[in-house]
Structure formats: structure tokens, C-alpha cells
Amino acid sequence: MHPLRSLILAAAGNDAIRRVVATAPVSRDVVRRFVAGEQTADAIAVTRELVASGRSVTLDHLGEDVTDADQADQNVRAYLELLDALHAEGLAAKAEVSVKLSAVGQKLGERLALANASRVCAAAEQCGTTVTLDMEDHTTTDSTLRVLAELRRTWPSTGAVLQSYLRRTFDDCKALAGTRVRLVKGAYAEPESVAFDEHETDLSYVRCTNALLAGDGYPMFATHDPRLVRIVAERARWYDRKPGTYEYQMLFGVRPDEQRRLAREGETVRVYVPYGSQWYGYLMRRLAERPANTTFFARALVSHS
Ligand SMILES: Cc1cc2nc3c(=O)[nH]c(=O)nc-3n(C[C@H](O)[C@H](O)[C@H](O)COP(=O)(O)OP(=O)(O)OC[C@H]3O[C@@H](n4cnc5c(N)ncnc54)[C@H](O)[C@@H]3O)c2cc1C
């Protein structure tokens with residue numbers, strides 16, 4: 001892993017750094033680029049704009065690694081409020097939600113996470129949309145896939161996320177290829193024992209792309225990497241996949257011109273839109289991915305403090 005990336009991911013877990021970054025005025029500008037805002041209404045406003053421009057959306061209420069049941073319950077309620085608002089605004093056909101199990105109690109036990117995720121899935125179904133379970137660090141992969149399998153017994157369209165940096169993922173792709181799967185590179189600092197280096201991660205992404213396109217499921221290719229976007233397009237043709245039988249996904253604020261270009265070409269493009277007050281960990285992962293952003297951010301922080 002890039003040394004700067006490891007450093008930023010380590011800083012993400014440091015309370016003193018968290019306090020400085022979270023309260024610095026410049027944070028607001030950087031945050032606004034990647035996060036829709038803190039309230040449900042902010043998330044709805046951004047969703048409306050994206051949908052009007054021909055893109056689909058998946059919304060993430062920020063707030064991971066919850067360690068008490070009340071907080072987990074509050075996160076569930078935030079999703080229920082959001083789903084009602086999407087339905088009321090007529091946006092549910094184009095906007096789904098992404099849920100991190102650690103935000104709904106996975107650290108307190110798998111049963112609680114399953115019960116809470118079920119509440120979100122039931123509400124999503126009533127509102128006419130779906131849920132995708134985000135994937136977190138590798139210590140949670142088995143548990144998340146078990147919860148996913150349980151949820152799919154009632155809500156078969158619940159989306160999975162698989163990370164190409166994990167050595168295990170090609171096998172997981174083959175197992176889940178008939179279903180709705182988002183393929184990402186992976187965003188957490190993982191040990192070499194379980195994860196590939198950057199080059200191998202890209203090769204793994206291509207192998208997994210093939211496995212997912214060869215199946216009869218609905219793959220969702222979440223990457224900003226121009227080379228991988230080209231390869232996905234080429235492989236989709238090889239496998240005779242028509243636009244609409246798979247989709248591209250990108251993050252809010254990242255490569256918006258490319259998002260619009262793909263949408264203009266008739267591809268389904270879904271934008272991952274995070275919102276909520278707990279934006280710090282999310283922002284750090286975005287900065288870690290792009291050293292250029294980090295340098296800009298660090299300079300701005302120093303000059304404002
Ligand atoms: C919709 C979505 C959902 C995700 N869900 C999860 C999840 O559940 N679990 C998880 O672990 N990770 C998730 N991720 C994050 C993912 O794992 C990667 O960390 C993240 O997408 C960065 O990898 P990349 O494939 O975009 O390529 P990178 O290796 O970060 O970048 C490759 C190239 O893409 C281009 N690029 C990247 N960023 C920019 C930019 N800001 N501006 C211009 N060009 C850029 C550059 O050319 C760069 O060299 C998700 C990502 C997306 C898009």
C-alpha cells in the first residue's frame with residue numbers, strides 16, 4: 001500500500017487528528033465535494049439533481065462502527081426516514097440505499113445486525129426500492145455474507161459488495177455471480193496475508209468482472225479507474241451484455257464528467273451519495289485514495305490553523 005495512504009488511514013483512527021480535521025473551517029469545503037450534507041433533505045436535494053441528469057443513486061447514511069444498540073437503532077431510523085422521503089418525492093425507482101452492517105450493530109452481534117438490516121430491507125421494499133450491503137474490512141466479510149444470505153431469503157434483490165483486493169474474492173464472485181453484486185477494489189488497510197498489492201488487485205478486478213458478466217446476475221462495476229472502465233465496457237460486449245443488464249457506479253464528487261459521459265451513451269450509472277454528520281471516516285478513505293487531494297487538504301488545514 002502507498003505509504004501516504006497507510007498514514008491517512010492510520011490518522012483516521014486518531015482522536016486528536018479527528019478533532020482538528022472535523023472542526024477546521026476548510027473541512028467544510030472538502031466535505032461538501034464528497035458528502036451531500038448532514039440532513040435527509042440534503043440527501044434528497046442531491047438525489048433529485050442526479051436523477052434529473054439521467055443518473056441513478058445509492059444513498060449511504062454515514063455512521064459506521066457503532067458500539068451501542070441505541071445508536072444502531074438511530075441509524076436504522078435515519079434510513080427509514082430517508083426511504084419514506086424517497087418514496088414521497090417519487091425518487092425510489094432511481095434511488096436505493098447502501099447500508100454498512102457496522103452502522104446497524106454488527107459489532108454488538110450478528111443477530112442484531114440482521115434484525116436491523118431486515119427493518120431497512122422491509123421499508124425499502126415497501127417504498128419500491130432495494131438495499132445493498134456495503135463491505136467493510138476483511139474481519140467482517142464472512143459475517144456480512146452470512147447476513148446477506150439470510151436477507152436474500154426474503155429480499156432476493158439485496159445487493160452484495162465484493163472487494164477485488166481480497167485473495168478470496170474470485171471464489172466469492174463465482175458463488176454470487178447469479179445475483180446483484182457490486183465489485184470494488186476495496187478501501188480498507190488490509191494485511192498482505194489476505195489482500196493483493198495494487199497491480200494484483202487490478203488483475204483480480206478483471207478476473208472478477210469476467211466471472212460476474214459470465215453469470216446471469218446483475219453486476220455493478222464500482223470504479224473510477226479509466227482503464228478498468230474501458231475493460232468492463234469491452235468485456236460487457238464479449239459477454240453480449242446489453243446496457244441495463246449491468247451498471248457502472250462512482251462516488252459523489254468523483255469524475256462527474258465521466259459519470260455524465262457514460263449516462264449519455266445509454267449506460268446505467270449509479271452515484272454513491274453519502275450524507276449525515278458522521279462524515280470523518282468516509283472523507284479520510286477518499287483522501288487516502290488520492291494523494292493529490294490530500295496534499296491540497298493538508299496545506300489548507302495548516303494555513304487555516
Ligand atoms: C459506488 C462505490 C461503492 C463503493 N463501496 C465500497 C464498499 O462497500 N467497500 C469498500 O471497501 N470500498 C467501496 N468502494 C471504494 C472502493 O473500494 C475504492 O476504494 C475506490 O473506488 C477507489 O478505487 P478505484 O477503483 O476508483 O480506483 P483507484 O485505484 O483509486 O484509482 C484508479 C484511477 O482512477 C482515477 N481516479 C480515481 N479517483 C479519481 C478522482 N478523484 N478524480 C479523477 N480521477 C480519479 C485515476 O486515474 C486513478 O489513477 C466503493 C466505491 C464506489 C465507487
# chains A, B, ... in the order shown; residues from 1 in each chain; ligands from 1
>>> residues_near_ligand(ligand="ligand 1", cutoff="7 Å", atoms="only C-alpha atoms and all ligand atoms", output="list in words")
Asp134, Met135, Glu136, Asp137, Val161, Gln163, Val184, Lys185, Gly186, Ala187, Tyr188, Ala222, Thr223, His224, Asp225, Pro226, Gln249, Met250, Leu251, Val254, Arg255, Val271, Tyr272, Glu289 and Arg290 of chain A
>>> residues_around(residues="stretch 108-117 of chain A", least_positions_apart="5", cutoff="8 Å", atoms="only C-alpha atoms", output="list of chain:residue names")
A:Thr67, A:Asp68, A:Ala69, A:Ala72, A:Asp73, A:Val76, A:Val99, A:Leu101, A:Ser102, A:Ser143, A:Val147, A:Glu150, A:Leu151
>>> residues_around(residues="A:Gln39", least_positions_apart="6", cutoff="9 Å", atoms="only C-alpha atoms", output="PyMOL selection string")
chain A and resi 275-277
>>> residues_around(residues="stretch 82-87 of chain A", least_positions_apart="6", cutoff="10 Å", atoms="only C-alpha atoms", output="ChimeraX atom specification")
/A:39-41,43-44,47-48,59-61,76,93-97,120,123-130
>>> atom_distance(atom1="atom CA of A:Glu190", atom2="atom CA of A:Tyr165")
8.7 Å
>>> closest_residue(among="A:Lys107, A:Arg28, A:Arg153, A:His138", to="A:Cys121", atoms="only C-alpha atoms")
A:Arg153
